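A short write-up of the structure that comes next.
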Amino acid sequence: MLHRPVVILAAAVVTATLAAAALGRPAMTPAKLQGTVGPGFTISLKSHGAKVKTLKAGAYTFVVTDKGSIHNFVIERESGGKFEKALTTIPFTGTKTVTVRLGKGNWKYYCKAHEPTMFGCFTVR
């Protein structure tokens with residue numbers, strides 16, 4: 001009898017995961033990161049208001065606010081395999097939401113047009 005509640009709980013978790021997959025939704029919602037670029041020559045990536053320095057490998061939802069038509073927001077893995085993705089483009093301004101799976105390694109976010117002065121780095125473990 002002691003094992004029955006554990007089996008029922010495990011079955012409920014599996015059922016919820018399969019139901020989410022059948023509906024085309026992930027079983028867990030990825031953590032949100034807030035990216036901002038512009039309006040001046042500034043760029044940032046934050047999680048809960050703090051600058052992102054390290055993250056665990058996995059899926060993240062980037063909510064990027066692009067405030068400058070001369071800027072964009074790009075993420076790139078610099079070690080652990082090549083990956084580069086522009087989350088916004090020039091001359092777009094506004095907010096875009098993109099989910100990206102981050103693998104282990106050193107990552108950089110930057111404005112492609114102004115990369116030498118507009119960039120930040122973080123590590124995925």
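Here, A, B, ... name the chains of the structure tokens in the order displayed, residue numbers run from 1 inside each chain, and ligands are numbered from 1 in the same displayed order.
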(request) Name all residues at most 12 Å from Gly58 of chain A (count only C-alpha atoms; drop same-chain ones fewer than 3 positions away) and give them as a ChimeraX atom specification. (result) /A:28-32,55,61,99-105,124-125
(request) Go through A:Lys51, A:His71, A:His114, A:Lys56 and flag the residue nearest Thr89 of chain A, using only C-alpha atoms for the distances. (result) A:His71
Show me, as a PDB file with C-alpha atoms, in the first residue's frame, the residues that have an atom within 8 Å of Cys111 of chain A when counting only C-alpha atoms, minus same-chain residues fewer than 5 positions from it.
ATOM      1  CA  VAL A  37      19.096  47.246 -27.177  1.00  0.00           C
ATOM      2  CA  ILE A  43      22.625  46.597 -24.789  1.00  0.00           C
ATOM      3  CA  HIS A  71      20.606  48.313 -33.779  1.00  0.00           C
ATOM      4  CA  ASN A  72      19.821  44.608 -33.553  1.00  0.00           C
ATOM      5  CA  PHE A  73      20.168  41.930 -30.860  1.00  0.00           C
ATOM      6  CA  VAL A  74      22.240  38.852 -31.726  1.00  0.00           C
ATOM      7  CA  MET A 118      27.753  47.028 -27.725  1.00  0.00           C
ATOM      8  CA  PHE A 119      28.148  43.526 -26.300  1.00  0.00           C
TER       9      PHE A 119
END
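Rounded to one decimal, atom CA of Ser47 of chain A and atom CA of Glu115 of chain A lie 21.9 Å from each other.
Residues surrounding Lys108 of chain A within 7 Å are Ile75, Glu76, Arg77, Glu78, Phe119, Gly120, Cys121 and Phe122 of chain A [only C-alpha atoms; sequence separation below 4 positions excluded].
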(request) Taking the DSSP assignment computed from this structure's backbone, write out as a ChimeraX atom specification all residues of segment 11-98 of chain A that belong to helix (DSSP H, G or I). (result) /A:11-22
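Considering the residues A:Ser69, A:Val52, A:Phe62, A:Asn106 and counting only C-alpha atoms, Leu87 of chain A has its shortest atom-to-atom contact with A:Phe62.
One finds atom CA of Asp66 of chain A at 5.9 Å from atom CA of Thr36 of chain A.
Atom pair atom CA of Gly80 of chain A / atom CA of Tyr60 of chain A: separated by 17.8 Å.
Proximity ranking of A:Ala57, A:Gly49, A:Lys67, A:Thr42 relative to Phe92 of chain A places A:Lys67 first, based on only C-alpha atoms.
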